[in-house]
Amino acid sequence: MRIVRHGRNVPFVIKIVDIPGVKEKAEAAGLANLELHICACGLSKHKPFCDGSHRITHSEDEGKVFAYKEGNVRIELNEENAKNTIDELPNEYA
């Protein structure tokens with residue numbers, strides 16, 4: 001298992017017309033305003049795309065470390081609970 005630190009609580013936004021070689025085709029197809037929202041918090045169930053899960057991170061306290069269990073249950077990690085909490089987290093790639 002890996003623990004990944006995500007330092008953003010908003011998605012990355014990619015405008016289709018900013019992708020090299022795509023602008024003319026996107027404009028011709030009427031897709032000039034299309035944007036892709038890429039998950040940056042690590043909680044999306046539709047990676048790599050954002051599904052809005054980052055909204056639950058907006059109330060996190062700065063400087064603390066959190067883990068999220070199924071159902072978006074937030075747990076603050078500390079020395080006492082870190083190992084057990086991490087061992088119980090789902091492995092979404094299993």
# chains A, B, ... in the order shown; residues from 1 in each chain; ligands from 1

call {"tool": "select_by_dssp", "arguments": {"residues": "stretch 5-66 of chain A", "states": "strand (DSSP E or B)", "output": "ChimeraX atom specification"}}
result
/A:12-15,35-38,49,65-66

call {"tool": "write_last_selection", "arguments": {"atoms": "N, CA and C atoms", "output": "PDB file, in the first residue's frame"}}
result
ATOM      1  N   PHE A  12      -7.627  20.013 -11.281  1.00  0.00           N
ATOM      2  CA  PHE A  12      -6.907  20.688 -12.350  1.00  0.00           C
ATOM      3  C   PHE A  12      -7.903  20.866 -13.496  1.00  0.00           C
ATOM      4  N   VAL A  13      -7.924  22.035 -14.111  1.00  0.00           N
ATOM      5  CA  VAL A  13      -8.843  22.301 -15.211  1.00  0.00           C
ATOM      6  C   VAL A  13      -8.032  22.431 -16.495  1.00  0.00           C
ATOM      7  N   ILE A  14      -8.390  21.620 -17.475  1.00  0.00           N
ATOM      8  CA  ILE A  14      -7.719  21.646 -18.772  1.00  0.00           C
ATOM      9  C   ILE A  14      -8.728  22.088 -19.820  1.00  0.00           C
ATOM     10  N   LYS A  15      -8.443  23.194 -20.471  1.00  0.00           N
ATOM     11  CA  LYS A  15      -9.306  23.667 -21.550  1.00  0.00           C
ATOM     12  C   LYS A  15      -8.891  22.952 -22.831  1.00  0.00           C
ATOM     13  N   GLU A  35     -14.087  21.802 -21.150  1.00  0.00           N
ATOM     14  CA  GLU A  35     -13.016  21.675 -20.171  1.00  0.00           C
ATOM     15  C   GLU A  35     -13.020  20.268 -19.587  1.00  0.00           C
ATOM     16  N   LEU A  36     -11.831  19.792 -19.250  1.00  0.00           N
ATOM     17  CA  LEU A  36     -11.685  18.541 -18.517  1.00  0.00           C
ATOM     18  C   LEU A  36     -11.277  18.899 -17.093  1.00  0.00           C
ATOM     19  N   HIS A  37     -11.902  18.253 -16.116  1.00  0.00           N
ATOM     20  CA  HIS A  37     -11.556  18.490 -14.714  1.00  0.00           C
ATOM     21  C   HIS A  37     -10.903  17.215 -14.186  1.00  0.00           C
ATOM     22  N   ILE A  38      -9.617  17.334 -13.868  1.00  0.00           N
ATOM     23  CA  ILE A  38      -8.806  16.188 -13.463  1.00  0.00           C
ATOM     24  C   ILE A  38      -8.654  16.192 -11.936  1.00  0.00           C
ATOM     25  N   PHE A  49     -10.755  11.639 -13.680  1.00  0.00           N
ATOM     26  CA  PHE A  49     -11.660  12.784 -13.726  1.00  0.00           C
ATOM     27  C   PHE A  49     -12.236  13.117 -12.354  1.00  0.00           C
ATOM     28  N   VAL A  65      -3.200  15.720   9.094  1.00  0.00           N
ATOM     29  CA  VAL A  65      -3.223  14.672   8.076  1.00  0.00           C
ATOM     30  C   VAL A  65      -4.497  13.849   8.265  1.00  0.00           C
ATOM     31  N   PHE A  66      -5.200  13.619   7.159  1.00  0.00           N
ATOM     32  CA  PHE A  66      -6.465  12.897   7.218  1.00  0.00           C
ATOM     33  C   PHE A  66      -6.454  11.717   6.266  1.00  0.00           C
TER      34      PHE A  66
END

call {"tool": "residues_around", "arguments": {"residues": "A:Arg55", "least_positions_apart": "4", "cutoff": "9 Å", "atoms": "only C-alpha atoms", "output": "count of residues only"}}
result
3

call {"tool": "atom_distance", "arguments": {"atom1": "atom CA of A:Ile19", "atom2": "atom CA of A:Leu31"}}
result
12.4 Å

call {"tool": "closest_residue", "arguments": {"among": "A:Pro48, A:Gly63, A:Leu34, A:Glu79", "to": "A:Asp18", "atoms": "only C-alpha atoms"}}
result
A:Leu34

call {"tool": "residues_around", "arguments": {"residues": "A:Asn84", "least_positions_apart": "6", "cutoff": "12 Å", "atoms": "only C-alpha atoms", "output": "compact mmCIF listing (two decimals) with C-alpha atoms, in the first residue's frame"}}
result
# COMPACT_ATOMS: atom_id res chain seq x y z
CA ALA A 67 -7.49 9.57 5.73
CA ILE A 75 -10.25 10.31 10.17
CA LEU A 77 -4.26 10.52 11.56
CA ASN A 78 -2.00 10.73 14.58

call {"tool": "residues_around", "arguments": {"residues": "A:Ala26", "least_positions_apart": "6", "cutoff": "8 Å", "atoms": "only C-alpha atoms", "output": "JSON, numbers by chain"}}
result
{"A": [16, 17, 32]}

call {"tool": "write_last_selection", "arguments": {"atoms": "N, CA and C atoms", "output": "mmCIF file, in the first residue's frame"}}
result
data_model
loop_
_atom_site.group_PDB
_atom_site.id
_atom_site.type_symbol
_atom_site.label_atom_id
_atom_site.label_comp_id
_atom_site.auth_asym_id
_atom_site.auth_seq_id
_atom_site.Cartn_x
_atom_site.Cartn_y
_atom_site.Cartn_z
ATOM 1 N N ILE A 16 -9.858 22.366 -23.495
ATOM 2 C CA ILE A 16 -9.581 21.576 -24.697
ATOM 3 C C ILE A 16 -8.764 22.371 -25.713
ATOM 4 N N VAL A 17 -9.081 23.647 -25.898
ATOM 5 C CA VAL A 17 -8.372 24.448 -26.907
ATOM 6 C C VAL A 17 -6.920 24.716 -26.526
ATOM 7 N N ALA A 32 -15.115 24.439 -28.389
ATOM 8 C CA ALA A 32 -14.089 25.385 -27.955
ATOM 9 C C ALA A 32 -14.161 25.681 -26.458
#

call {"tool": "residues_around", "arguments": {"residues": "A:Gly52", "least_positions_apart": "2", "cutoff": "9 Å", "atoms": "only C-alpha atoms", "output": "PyMOL selection string"}}
result
chain A and resi 10-11+39+43-44+50+54-56

call {"tool": "select_by_dssp", "arguments": {"residues": "chain A", "states": "alpha helix (DSSP H)", "output": "VMD selection string"}}
result
chain A and resid 23 to 28 82 to 88

call {"tool": "atom_distance", "arguments": {"atom1": "atom CA of A:Glu76", "atom2": "atom CA of A:Lys64"}}
result
7.1 Å

call {"tool": "atom_distance", "arguments": {"atom1": "atom CA of A:Thr57", "atom2": "atom CA of A:Asn72"}}
result
9.8 Å

call {"tool": "decode", "arguments": {"residues": "stretch 39-83 of chain A", "atoms": "C-alpha atoms", "output": "CSV table (one decimal), in the first residue's frame"}}
result
chain,number,residue,atom,x,y,z
A,39,CYS,CA,-8.9,14.9,-9.9
A,40,ALA,CA,-6.2,16.4,-7.7
A,41,CYS,CA,-7.4,15.4,-4.2
A,42,GLY,CA,-7.3,11.6,-4.8
A,43,LEU,CA,-10.8,10.9,-3.7
A,44,SER,CA,-12.7,10.8,-7.0
A,45,LYS,CA,-14.4,7.5,-7.8
A,46,HIS,CA,-13.9,8.3,-11.5
A,47,LYS,CA,-10.2,8.9,-11.7
A,48,PRO,CA,-8.6,10.6,-13.5
A,49,PHE,CA,-11.7,12.8,-13.7
A,50,CYS,CA,-13.1,14.9,-10.9
A,51,ASP,CA,-16.4,13.8,-9.5
A,52,GLY,CA,-16.7,16.6,-6.9
A,53,SER,CA,-15.4,14.5,-4.0
A,54,HIS,CA,-12.9,17.2,-3.1
A,55,ARG,CA,-15.7,19.3,-1.6
A,56,ILE,CA,-15.4,17.3,1.6
A,57,THR,CA,-11.8,18.4,2.1
A,58,HIS,CA,-12.6,22.1,2.2
A,59,SER,CA,-13.2,21.9,6.0
A,60,GLU,CA,-9.9,20.1,6.8
A,61,ASP,CA,-7.7,21.8,9.4
A,62,GLU,CA,-4.4,23.1,8.0
A,63,GLY,CA,-1.4,21.2,9.0
A,64,LYS,CA,-3.2,18.0,9.9
A,65,VAL,CA,-3.2,14.7,8.1
A,66,PHE,CA,-6.5,12.9,7.2
A,67,ALA,CA,-7.5,9.6,5.7
A,68,TYR,CA,-10.9,8.9,4.2
A,69,LYS,CA,-12.7,5.6,4.5
A,70,GLU,CA,-15.6,4.3,2.5
A,71,GLY,CA,-18.6,6.7,2.6
A,72,ASN,CA,-16.2,9.6,2.9
A,73,VAL,CA,-15.6,9.1,6.6
A,74,ARG,CA,-12.8,11.4,7.5
A,75,ILE,CA,-10.2,10.3,10.2
A,76,GLU,CA,-7.5,12.5,11.5
A,77,LEU,CA,-4.3,10.5,11.6
A,78,ASN,CA,-2.0,10.7,14.6
A,79,GLU,CA,0.7,8.6,16.2
A,80,GLU,CA,-1.8,6.4,18.0
A,81,ASN,CA,-4.2,5.5,15.2
A,82,ALA,CA,-2.1,5.9,12.0
A,83,LYS,CA,-1.0,2.3,11.4
